[in-house]
$ cat upload_5.txt   # compact mmCIF, C-alpha atoms
# COMPACT_ATOMS: atom_id res chain seq x y z
CA MET A 215 -4.42 23.39 7.57
CA LYS A 216 -4.25 20.42 5.20
CA VAL A 217 -4.81 17.08 6.92
CA LEU A 218 -4.26 13.60 5.53
CA ALA A 219 -6.74 11.07 6.98
CA LEU A 220 -4.62 7.97 6.43
CA GLY A 221 -6.87 4.93 6.50
CA GLY A 222 -9.78 7.35 6.35
CA ALA A 223 -12.03 4.89 4.50
CA GLY A 224 -11.88 2.34 7.32
CA ALA A 225 -14.47 2.08 10.07
CA THR A 226 -12.57 4.12 12.65
CA GLY A 227 -10.98 6.36 10.04
CA ARG A 228 -14.40 7.39 8.69
CA VAL A 229 -15.56 8.47 12.14
CA ALA A 230 -12.37 10.41 12.83
CA ALA A 231 -12.53 12.06 9.40
CA ARG A 232 -16.19 13.00 9.90
CA VAL A 233 -15.36 14.90 13.09
CA ALA A 234 -12.08 16.29 11.73
CA ALA A 235 -13.82 17.74 8.66
CA ARG A 236 -15.66 20.18 10.93
CA LEU A 237 -12.69 21.23 13.09
CA PRO A 238 -11.98 24.98 12.83
CA GLY A 239 -8.33 24.42 11.92
CA VAL A 240 -8.95 22.05 9.00
CA ARG A 241 -9.13 23.75 5.61
CA GLU A 242 -8.60 20.64 3.49
CA LEU A 243 -9.06 16.98 4.39
CA VAL A 244 -7.73 14.22 2.14
CA ILE A 245 -9.17 10.74 2.62
CA ALA A 246 -6.26 8.41 1.90
CA ASP A 247 -6.67 4.67 1.57
CA ARG A 248 -5.18 1.79 -0.39
CA ASP A 249 -8.70 1.27 -1.78
CA PRO A 250 -9.26 4.41 -3.90
CA ALA A 251 -12.92 3.61 -4.55
CA ALA A 252 -13.61 3.41 -0.81
CA ALA A 253 -11.72 6.68 -0.30
CA ARG A 254 -13.84 8.40 -2.95
CA ARG A 255 -17.06 7.10 -1.40
CA THR A 256 -16.03 8.39 2.02
CA ALA A 257 -15.02 11.76 0.62
CA ALA A 258 -18.33 12.10 -1.21
CA LEU A 259 -20.28 11.21 1.92
CA LEU A 260 -18.41 13.73 4.05
CA THR A 261 -18.80 16.42 1.41
CA ALA A 262 -22.56 15.86 1.34
CA ARG A 263 -22.77 15.97 5.14
CA ALA A 264 -20.65 19.12 5.41
CA ALA A 265 -22.89 21.00 2.95
CA GLY A 266 -20.36 23.79 2.66
CA THR A 267 -19.82 24.23 6.41
CA GLY A 268 -16.68 22.15 6.80
CA ALA A 269 -13.33 21.46 5.13
CA ARG A 270 -12.90 20.74 1.45
CA VAL A 271 -12.74 16.93 1.24
CA SER A 272 -11.01 14.91 -1.47
CA ALA A 273 -9.74 11.35 -1.96
CA ARG A 274 -6.34 9.86 -2.73
CA ARG A 275 -4.89 6.38 -3.05
CA VAL A 276 -2.13 5.75 -0.52
CA ASP A 277 -0.69 2.35 0.34
CA VAL A 278 1.43 2.70 3.49
CA THR A 279 3.67 -0.15 2.31
CA ASP A 280 4.64 1.92 -0.75
CA ARG A 281 7.31 4.23 0.63
CA ALA A 282 7.37 6.63 -2.32
CA GLU A 283 3.59 6.92 -2.40
CA LEU A 284 3.42 7.50 1.36
CA HIS A 285 6.14 10.14 1.37
CA ALA A 286 4.59 11.96 -1.58
CA ALA A 287 1.23 12.18 0.15
CA LEU A 288 2.66 13.25 3.50
CA GLY A 289 4.90 15.86 1.93
CA GLU A 290 1.87 17.86 0.78
CA MET A 291 0.18 17.92 4.19
CA ASP A 292 0.48 19.87 7.43
CA ALA A 293 -0.68 16.93 9.58
CA VAL A 294 -1.64 13.28 9.29
CA LEU A 295 -4.30 11.42 11.24
CA ASN A 296 -3.17 7.80 10.98
CA THR A 297 -5.78 5.09 11.63
CA VAL A 298 -4.02 2.33 9.67
CA GLY A 299 -3.55 -0.79 11.75
CA PRO A 300 -2.38 -3.09 13.06
CA TYR A 301 0.25 -0.79 14.42
CA TYR A 302 2.68 -3.57 15.22
CA ARG A 303 2.99 -3.91 11.44
CA PHE A 304 2.63 -0.37 10.10
CA GLY A 305 2.80 2.21 12.88
CA LEU A 306 6.55 2.77 13.14
CA ASP A 307 7.09 3.16 9.38
CA VAL A 308 4.32 5.75 9.03
CA LEU A 309 5.65 7.81 11.94
CA ARG A 310 9.18 7.68 10.49
CA ALA A 311 7.80 8.92 7.16
CA ALA A 312 5.96 11.79 8.86
CA ILE A 313 9.16 12.85 10.62
CA ARG A 314 11.11 12.74 7.35
CA THR A 315 8.50 14.88 5.58
CA GLY A 316 8.05 17.32 8.48
CA THR A 317 4.39 16.41 8.94
CA ASP A 318 2.71 16.66 12.34
CA TYR A 319 1.25 13.31 13.35
CA LEU A 320 -1.48 11.70 15.46
CA ASP A 321 -2.53 8.04 15.62
CA ILE A 322 -4.54 5.53 17.66
CA CYS A 323 -1.71 3.01 18.16
CA ASP A 324 -2.93 0.37 20.60
CA ASP A 325 0.04 -2.04 20.50
CA TRP A 326 2.66 -1.71 23.21
CA GLU A 327 5.61 -3.02 21.17
CA PRO A 328 5.63 -0.29 18.50
CA THR A 329 4.80 2.28 21.19
CA VAL A 330 8.22 1.62 22.74
CA ALA A 331 9.93 2.01 19.36
CA MET A 332 7.93 5.14 18.46
CA LEU A 333 8.87 6.87 21.70
CA GLU A 334 12.50 6.28 20.79
CA LEU A 335 11.99 8.55 17.76
CA ASP A 336 11.46 11.53 20.08
CA ASP A 337 14.89 13.07 19.36
CA GLU A 338 14.37 12.76 15.60
CA ALA A 339 10.93 14.34 15.80
CA ARG A 340 12.20 17.25 17.89
CA ALA A 341 15.08 17.84 15.50
CA ALA A 342 12.60 17.91 12.60
CA GLY A 343 10.17 20.18 14.48
CA VAL A 344 7.44 17.53 14.21
CA ARG A 345 4.76 17.18 16.89
CA ALA A 346 3.55 13.59 17.18
CA VAL A 347 0.87 12.21 19.51
CA ILE A 348 0.60 8.43 19.61
CA GLY A 349 -2.21 6.29 21.01
CA MET A 350 -4.99 8.91 21.09
CA GLY A 351 -8.10 6.71 20.87
CA ALA A 352 -10.23 5.09 23.56
CA SER A 353 -7.66 2.75 25.12
CA PRO A 354 -5.06 4.11 24.95
CA GLY A 355 -6.14 7.73 24.81
CA VAL A 356 -9.21 8.34 26.94
CA SER A 357 -7.82 5.83 29.43
CA ASN A 358 -4.55 7.78 29.76
CA LEU A 359 -6.42 11.01 30.45
CA LEU A 360 -8.55 9.26 33.07
CA ALA A 361 -5.29 8.10 34.68
CA VAL A 362 -4.14 11.73 34.82
CA ARG A 363 -7.37 12.66 36.61
CA ALA A 364 -7.06 9.83 39.14
CA ALA A 365 -3.35 10.35 39.87
CA ALA A 366 -3.83 14.10 40.37
CA LEU A 367 -5.88 13.43 43.51
CA LEU A 368 -2.95 11.77 45.29
CA ASP A 369 0.21 13.21 46.82
CA THR A 370 2.24 10.10 45.99
CA LEU A 371 1.45 7.43 43.40
CA ALA A 372 1.90 3.71 43.92
CA ASP A 373 -0.34 1.58 41.68
CA LEU A 374 -2.03 2.76 38.49
CA HIS A 375 -4.39 0.64 36.39
CA THR A 376 -6.49 1.45 33.36
CA ALA A 377 -9.35 -0.82 32.29
CA TRP A 378 -11.92 -1.32 29.55
CA PRO A 379 -14.92 -3.67 29.46
CA VAL A 380 -15.09 -6.71 27.22
CA ASP A 381 -18.44 -8.33 27.98
CA VAL A 382 -19.71 -6.72 31.18
CA GLY A 383 -21.79 -3.66 32.02
CA PRO A 384 -23.94 -1.56 29.72
CA GLU A 385 -21.06 -0.38 27.57
CA PRO A 386 -18.84 -3.33 26.56
CA VAL A 387 -16.29 -2.35 23.94
CA ASP A 388 -15.02 -5.74 22.85
CA ALA A 389 -13.63 -5.96 19.32
CA PRO A 390 -16.02 -7.13 16.62
CA PRO A 391 -14.67 -10.53 15.51
CA THR A 392 -15.26 -10.12 11.78
CA ASP A 393 -15.82 -7.48 9.14
CA PRO A 394 -19.07 -7.56 7.13
CA ASP A 395 -17.34 -9.76 4.52
CA GLY A 396 -16.43 -12.35 7.14
CA VAL A 397 -12.72 -11.49 7.33
CA PRO A 398 -11.40 -11.19 10.91
CA ALA A 399 -11.55 -7.54 11.91
CA ALA A 400 -8.26 -5.69 12.43
CA ALA A 401 -9.28 -4.93 16.02
CA ALA A 402 -9.77 -8.63 16.71
CA VAL A 403 -6.41 -9.50 15.16
CA HIS A 404 -4.80 -6.83 17.35
CA TRP A 405 -6.53 -8.31 20.39
CA MET A 406 -5.05 -11.73 19.69
CA GLN A 407 -1.59 -10.19 19.42
CA GLN A 408 -2.04 -8.60 22.84
CA ILE A 409 -3.26 -11.73 24.69
CA SER A 410 -0.32 -13.83 23.53
CA GLY A 411 3.38 -13.97 24.21
CA THR A 412 4.39 -11.55 26.95
CA VAL A 413 3.15 -8.04 27.61
CA ALA A 414 4.61 -4.98 29.28
CA VAL A 415 3.45 -4.20 32.81
CA VAL A 416 4.94 -2.29 35.73
CA ARG A 417 5.98 -4.23 38.81
CA GLY A 418 7.57 -2.42 41.74
CA GLY A 419 8.03 0.71 39.68
CA ARG A 420 9.85 -1.04 36.83
CA ILE A 421 8.73 -2.20 33.38
CA VAL A 422 8.79 -5.97 33.07
CA GLN A 423 7.29 -8.47 30.66
CA ARG A 424 4.73 -10.96 31.94
CA PRO A 425 2.25 -13.39 30.40
CA PRO A 426 -1.11 -11.72 29.66
CA LEU A 427 -4.37 -12.64 31.41
CA GLU A 428 -2.85 -12.41 34.87
CA GLN A 429 -5.56 -11.55 37.37
CA VAL A 430 -5.62 -8.33 39.39
CA LEU A 431 -8.01 -7.93 42.33
CA LEU A 432 -9.14 -4.33 42.72
CA ASP A 433 -10.93 -2.73 45.67
CA LEU A 434 -11.91 0.75 44.49
CA PRO A 435 -13.68 3.78 45.95
CA GLY A 436 -17.45 3.71 45.77
CA GLY A 437 -17.71 0.01 46.60
CA HIS A 438 -16.37 -1.17 43.25
CA ARG A 439 -14.61 -4.50 43.76
CA GLY A 440 -13.70 -7.36 41.46
CA THR A 441 -11.06 -9.09 39.35
CA ALA A 442 -9.75 -7.95 35.97
CA CYS A 443 -7.15 -9.48 33.62
CA THR A 444 -4.01 -7.98 32.14
CA VAL A 445 -3.71 -7.37 28.40
CA GLY A 446 -0.97 -5.95 26.25
CA HIS A 447 -1.57 -2.23 25.69
CA PRO A 448 0.56 0.92 25.65
CA GLU A 449 -0.75 2.51 28.85
CA PRO A 450 1.72 0.98 31.34
CA VAL A 451 4.61 1.81 29.00
CA THR A 452 3.74 5.50 28.69
CA LEU A 453 2.32 6.06 32.17
CA HIS A 454 5.49 4.57 33.65
CA ARG A 455 7.44 7.32 31.90
CA SER A 456 5.06 10.19 32.55
CA LEU A 457 3.42 9.61 35.96
CA ARG A 458 6.04 7.31 37.49
CA PRO A 459 3.91 4.91 39.56
CA GLY A 460 6.11 3.41 42.25
CA GLY A 461 4.15 0.15 42.50
CA ASP A 462 2.29 -1.79 39.84
CA ALA A 463 0.61 -0.66 36.63
CA ALA A 464 -1.13 -2.53 33.85
CA SER A 465 -3.84 -2.30 31.24
CA LEU A 466 -6.77 -4.49 32.25
CA MET A 467 -9.81 -6.11 30.68
CA VAL A 468 -13.00 -6.26 32.74
CA VAL A 469 -14.21 -9.64 31.56
CA ARG A 470 -16.42 -12.50 32.69
CA ALA A 471 -14.70 -15.65 33.89
CA GLY A 472 -16.01 -17.75 30.99
CA THR A 473 -14.68 -15.31 28.41
CA ALA A 474 -11.34 -15.04 30.20
CA ALA A 475 -11.05 -18.83 30.18
CA TYR A 476 -11.72 -18.98 26.44
CA LEU A 477 -9.18 -16.23 25.78
CA ASP A 478 -6.71 -18.22 27.85
CA VAL A 479 -7.23 -21.24 25.60
CA LEU A 480 -6.59 -19.08 22.54
CA ARG A 481 -3.51 -17.62 24.22
CA ARG A 482 -2.01 -21.05 24.83
CA ASP A 483 -2.65 -22.15 21.26
CA LEU A 484 -1.17 -18.92 19.91
CA ASP A 485 1.94 -19.37 22.01
CA ALA A 486 2.25 -22.99 20.91
CA GLY A 487 2.02 -22.01 17.23
CA ARG A 488 -1.28 -23.84 16.70
CA LEU A 489 -3.03 -20.58 15.82
CA SER A 490 -2.03 -17.35 14.07
CA ASN A 491 -3.44 -14.00 15.12
CA GLU A 492 -5.82 -14.19 12.18
CA SER A 493 -7.04 -17.74 12.82
CA ALA A 494 -7.42 -17.00 16.53
CA ALA A 495 -9.50 -13.92 15.66
CA ALA A 496 -11.70 -16.14 13.48
CA GLU A 497 -12.21 -18.41 16.50
CA LEU A 498 -13.85 -15.50 18.31
CA ALA A 499 -16.65 -15.54 15.76
CA ARG A 500 -16.87 -19.32 15.36
CA PRO A 501 -15.58 -21.04 18.51
CA SER A 502 -14.73 -24.69 18.05
CA LEU A 503 -16.35 -27.22 20.37
CA ARG A 504 -12.97 -28.54 21.42
CA ARG A 505 -11.79 -25.13 22.58
CA ILE A 506 -15.11 -24.40 24.29
CA LEU A 507 -14.70 -27.61 26.30
CA ARG A 508 -11.11 -26.74 27.19
CA ALA A 509 -12.26 -23.32 28.36
CA GLY A 510 -14.99 -24.89 30.48
CA ALA A 511 -12.35 -26.85 32.34
CA ARG A 512 -10.46 -23.61 33.13
CA VAL A 513 -13.30 -21.26 34.05
CA LEU A 514 -13.03 -21.74 37.81
CA ARG A 515 -9.47 -20.44 37.70
CA PHE A 516 -10.72 -16.94 36.91
CA GLY A 517 -12.35 -14.55 39.33
CA SER A 518 -15.49 -12.53 38.82
CA PRO A 519 -15.43 -8.89 37.62
CA GLY A 520 -17.82 -8.25 40.50
CA THR A 521 -18.92 -4.62 40.67
CA LEU A 522 -16.02 -3.10 38.74
CA PRO A 523 -17.08 -0.23 36.46
CA GLY A 524 -16.58 -0.60 32.74
CA PHE A 525 -14.11 2.04 31.58
CA PHE A 526 -11.86 3.51 34.27
CA ALA A 527 -8.47 4.37 35.71
CA ALA A 528 -7.64 3.57 39.32
CA ALA A 529 -4.73 4.81 41.41
CA THR A 530 -3.41 4.09 44.88
CA GLY A 531 -0.93 6.10 46.92
CA THR A 532 -1.03 8.53 49.79
CA ILE A 533 -2.63 11.83 50.80
CA ASP A 534 -0.97 13.66 53.70
CA GLY A 535 1.02 10.52 54.39
CA ARG A 536 -2.05 8.27 54.70
CA PRO A 537 -3.03 5.48 52.25
CA ALA A 538 -5.59 6.59 49.69
CA SER A 539 -7.10 5.48 46.42
CA ALA A 540 -8.72 7.29 43.51
CA LEU A 541 -11.07 6.23 40.74
CA ALA A 542 -11.76 8.16 37.52
CA ARG A 543 -14.38 6.53 35.33
CA LEU A 544 -16.19 7.38 32.15
CA THR A 545 -19.90 7.89 32.79
CA GLY A 546 -22.53 7.50 30.11
CA ALA A 547 -19.97 5.43 28.23
CA ASP A 548 -22.69 3.42 26.52
CA ALA A 549 -23.39 6.54 24.44
CA LEU A 550 -19.83 6.44 23.15
CA MET A 551 -18.45 2.92 23.45
CA ALA A 552 -21.34 0.90 22.04
CA ASP A 553 -19.64 1.35 18.67
CA LEU A 554 -15.89 0.72 18.80
CA ALA A 555 -15.25 2.92 15.76
CA GLU A 556 -17.11 5.84 17.37
CA GLY A 557 -15.43 5.30 20.72
CA THR A 558 -12.00 5.44 19.10
CA GLY A 559 -12.50 7.81 16.17
CA ILE A 560 -14.10 10.67 18.09
CA PRO A 561 -11.29 10.91 20.69
CA ALA A 562 -8.73 10.79 17.87
CA ALA A 563 -10.33 13.76 16.14
CA LEU A 564 -10.62 15.71 19.39
CA GLY A 565 -6.94 15.06 20.03
CA LEU A 566 -6.20 16.26 16.50
CA ALA A 567 -8.00 19.52 17.31
CA GLN A 568 -5.49 20.21 20.08
CA LEU A 569 -2.59 19.33 17.79
CA LEU A 570 -3.80 21.71 15.08
CA ASP A 571 -4.56 24.71 17.31
CA GLY A 572 -1.23 24.59 19.12
CA THR A 573 -2.39 23.19 22.46
CA VAL A 574 0.15 20.44 21.74
CA ARG A 575 3.13 22.76 21.60
CA ALA A 576 6.39 20.90 21.89
CA PRO A 577 7.95 18.95 19.02
CA GLY A 578 8.67 15.31 19.79
CA VAL A 579 6.80 12.04 20.23
CA HIS A 580 4.23 12.28 23.01
CA PRO A 581 1.70 9.96 24.65
CA PRO A 582 -1.74 11.50 25.26
CA GLU A 583 -1.17 12.24 28.94
CA THR A 584 1.79 14.57 28.29
CA ALA A 585 0.38 16.36 25.24
CA VAL A 586 -3.41 16.58 25.41
CA ASP A 587 -5.19 18.90 27.85
CA ALA A 588 -7.42 16.48 29.77
CA GLU A 589 -9.90 19.06 31.07
CA ARG A 590 -10.49 20.50 27.63
CA PHE A 591 -10.67 17.04 26.05
CA PHE A 592 -13.42 15.81 28.35
CA ALA A 593 -15.36 19.06 27.90
CA ASP A 594 -15.11 18.64 24.12
CA LEU A 595 -16.13 14.99 24.41
CA THR A 596 -19.27 15.92 26.34
CA ARG A 597 -20.19 18.43 23.63
CA HIS A 598 -19.85 15.76 20.96
CA ARG A 599 -21.56 13.07 23.02
CA PRO A 600 -24.01 14.64 25.51
CA GLY A 601 -24.34 12.45 28.57
CA VAL A 602 -20.73 11.28 28.48
CA GLY A 603 -18.64 12.59 31.34
CA VAL A 604 -16.11 11.75 34.04
CA SER A 605 -16.82 10.73 37.62
CA VAL A 606 -13.98 10.98 40.14
CA GLU A 607 -14.12 9.28 43.54
CA LEU A 608 -11.63 9.28 46.39
CA GLY A 609 -11.15 6.68 49.09
CA VAL A 610 -9.10 7.33 52.22
$ encode --input "upload_5.txt" --output "structure tokens"
Amino acid sequence: MKVLALGGAGATGRVAARVAARLPGVRELVIADRDPAAARRTAALLTARAAGTGARVSARRVDVTDRAELHAALGEMDAVLNTVGPYYRFGLDVLRAAIRTGTDYLDICDDWEPTVAMLELDDEARAAGVRAVIGMGASPGVSNLLAVRAAALLDTLADLHTAWPVDVGPEPVDAPPTDPDGVPAAAAVHWMQQISGTVAVVRGGRIVQRPPLEQVLLDLPGGHRGTACTVGHPEPVTLHRSLRPGGDAASLMVVRAGTAAYLDVLRRDLDAGRLSNESAAAELARPSLRRILRAGARVLRFGSPGTLPGFFAAATGTIDGRPASALARLTGADALMADLAEGTGIPAALGLAQLLDGTVRAPGVHPPETAVDAERFFADLTRHRPGVGVSVELGV
């Protein structure tokens, strides 16, 4: 098959393209980027690494804001792997273009707002015969599949939380604040979007919007106990539709109290219009003394992460009518998550493998948990990153 790696010259795109170039179903891989020189460099590097054992790799200039250019590129491809962010700006338009051109689609969308809008394109995608998987990275992506593993242990499902570490444990996956040239990284800009305004969570089995950085106290199997903070991410939106938790659900950050307090200061200034997403992201790299002092005055309001694991999904419910809880966590995550691009790009490519070989069968717009085979995914992940696995614990 012919695959367009859209944004393939970016940090995450390069990792995803590197893995995708060696997938059995990929005959041709086109590195597409608005910077054609960067696309050519990436294509040359992948060609040298493949040494004749992988797909034929080429480069192409594609600016996703140029509708004609985007449609022309997609129209020549069987599938597109879209790593162009932030998705709250570009995700919906690229998916619409893929549906119009009949191109199968996979992305790493980590913004909840466009996730809602993308899911609403399900009828159009099915009518066009297009298979689309959205949010297949680390979080969302791996986190959704961990949620599937945890929920499967219970007869009924009440609460369901997914979590990723910011500055705790051996495998923190916080966003790098700046690119090498000093410009705020796209991941950091996305982060600021998702700690401001309101975010989607599930309360009492229903989607509601709440301020981010609300604290959730978790008491998990295996003696894992502590406090984590809510953040805007797609998991509660999609898991609400697919697994139907009857209680609460949210995406959480496992974060130290001091960091949470500083993020809370940024949140308030974002909401007041004193910062943009970009200027707030810059503050992550160069915190101002005034904001540090304001955060210091708020730190005691936030609880400790305690002994919570780093990257996990936790579920509560019942087994045989009795209360029970389940924990599915990524083990050896430091081998994968130490580099955010690796931790996101590798899962995206492994999800693409299932899209290309027909494991993802039904046309439509799907979240990872309804399209990707979790057992196969984690087996493939272990092969690509020996030492990475899944631990599942049950508490009754």
$ residues_around --input "upload_5.txt" --residues "region 305-320 of chain A" --least-positions-apart "5" --cutoff "8 Å" --atoms "all atoms listed in the file" --output "PyMOL selection string"
chain A and resi 278+284-285+288-289+291-296+298-300+328+331-332+335+338-339+342-350+562+565-566
$ closest_residue --input "upload_5.txt" --among "A:Arg482, A:Gly601, A:Asp571, A:Thr441" --to "Pro238 (chain A)" --atoms "all atoms listed in the file"
A:Asp571
$ closest_atom_pairs --input "upload_5.txt" --of "region 412-435 of chain A" --to "region 531-555 of chain A" --cutoff "12 Å" --atoms "all atoms listed in the file" --output "tab-separated table"
residue	atom	partner	partner_atom	distance
A:Leu432	CA	A:Ser539	CA	10.7
A:Asp433	CA	A:Ser539	CA	9.1
A:Leu434	CA	A:Leu541	CA	6.7
A:Pro435	CA	A:Leu541	CA	6.3
$ closest_residue --input "upload_5.txt" --among "A:Arg424, A:His580, A:Arg455, A:Arg505" --to "Asp321 (chain A)" --atoms "all atoms listed in the file"
A:His580
$ atom_distance --input "upload_5.txt" --atom1 "CA of Trp378 (chain A)" --atom2 "CA of Leu237 (chain A)"
27.9 Å
$ atom_distance --input "upload_5.txt" --atom1 "CA of Asn358 (chain A)" --atom2 "CA of Val413 (chain A)"
17.7 Å
$ residues_around --input "upload_5.txt" --residues "Pro425 (chain A)" --least-positions-apart "3" --cutoff "12 Å" --atoms "all atoms listed in the file" --output "list of chain:residue names"
A:Gln408, A:Ile409, A:Ser410, A:Gly411, A:Thr412, A:Val413, A:Ala414, A:Val415, A:Val422, A:Glu428, A:Gln429, A:Cys443, A:Thr444, A:Val445, A:Gly446, A:Ala464, A:Asp478, A:Arg481, A:Arg482, A:Asp485
$ build_atoms --input "upload_5.txt" --residues "region 421-429 of chain A" --atoms "all heavy atoms" --output "tab-separated table (two decimals), in the frame of the given file"
chain	number	residue	atom	x	y	z
A	421	ILE	N	9.36	-1.49	34.49
A	421	ILE	CA	8.73	-2.20	33.38
A	421	ILE	C	9.29	-3.61	33.30
A	421	ILE	O	10.51	-3.81	33.29
A	421	ILE	CB	8.98	-1.48	32.04
A	421	ILE	CG1	8.17	-0.19	31.97
A	421	ILE	CG2	8.65	-2.37	30.86
A	421	ILE	CD1	6.71	-0.39	31.62
A	422	VAL	N	8.40	-4.58	33.26
A	422	VAL	CA	8.79	-5.97	33.07
A	422	VAL	C	7.83	-6.58	32.05
A	422	VAL	O	6.79	-6.01	31.72
A	422	VAL	CB	8.74	-6.77	34.39
A	422	VAL	CG1	9.71	-6.20	35.40
A	422	VAL	CG2	7.32	-6.80	34.96
A	423	GLN	N	8.18	-7.75	31.56
A	423	GLN	CA	7.29	-8.47	30.66
A	423	GLN	C	6.75	-9.71	31.36
A	423	GLN	O	7.50	-10.48	31.96
A	423	GLN	CB	8.02	-8.86	29.37
A	423	GLN	CG	8.37	-7.65	28.52
A	423	GLN	CD	8.84	-8.04	27.14
A	423	GLN	OE1	8.41	-9.04	26.57
A	423	GLN	NE2	9.73	-7.22	26.57
A	424	ARG	N	5.43	-9.86	31.28
A	424	ARG	CA	4.73	-10.96	31.94
A	424	ARG	C	3.73	-11.58	30.98
A	424	ARG	O	3.30	-10.94	30.02
A	424	ARG	CB	3.98	-10.43	33.18
A	424	ARG	CG	4.87	-9.88	34.28
A	424	ARG	CD	5.58	-10.98	35.00
A	424	ARG	NE	4.60	-11.93	35.55
A	424	ARG	CZ	4.91	-13.17	35.94
A	424	ARG	NH1	6.14	-13.62	35.83
A	424	ARG	NH2	3.96	-13.96	36.43
A	425	PRO	N	3.31	-12.82	31.22
A	425	PRO	CA	2.25	-13.39	30.40
A	425	PRO	C	0.96	-12.58	30.58
A	425	PRO	O	0.68	-12.08	31.67
A	425	PRO	CB	2.08	-14.81	30.97
A	425	PRO	CG	3.35	-15.09	31.69
A	425	PRO	CD	3.84	-13.79	32.21
A	426	PRO	N	0.17	-12.43	29.53
A	426	PRO	CA	-1.11	-11.72	29.66
A	426	PRO	C	-2.12	-12.58	30.41
A	426	PRO	O	-1.87	-13.75	30.71
A	426	PRO	CB	-1.54	-11.50	28.22
A	426	PRO	CG	-0.89	-12.60	27.46
A	426	PRO	CD	0.42	-12.87	28.15
A	427	LEU	N	-3.26	-11.99	30.71
A	427	LEU	CA	-4.37	-12.64	31.41
A	427	LEU	C	-4.04	-12.98	32.86
A	427	LEU	O	-4.69	-13.84	33.46
A	427	LEU	CB	-4.87	-13.88	30.66
A	427	LEU	CG	-5.48	-13.60	29.28
A	427	LEU	CD1	-5.77	-14.90	28.55
A	427	LEU	CD2	-6.75	-12.77	29.41
A	428	GLU	N	-3.04	-12.31	33.43
A	428	GLU	CA	-2.85	-12.41	34.87
A	428	GLU	C	-3.97	-11.64	35.55
A	428	GLU	O	-4.41	-10.60	35.07
A	428	GLU	CB	-1.48	-11.86	35.27
A	428	GLU	CG	-0.33	-12.72	34.81
A	428	GLU	CD	1.01	-12.26	35.34
A	428	GLU	OE1	1.17	-11.04	35.59
A	428	GLU	OE2	1.90	-13.11	35.49
A	429	GLN	N	-4.42	-12.14	36.69
A	429	GLN	CA	-5.56	-11.55	37.37
A	429	GLN	C	-5.12	-10.51	38.41
A	429	GLN	O	-4.15	-10.71	39.13
A	429	GLN	CB	-6.38	-12.64	38.05
A	429	GLN	CG	-6.94	-13.66	37.05
A	429	GLN	CD	-7.79	-14.71	37.72
A	429	GLN	OE1	-8.92	-14.45	38.12
A	429	GLN	NE2	-7.25	-15.90	37.84
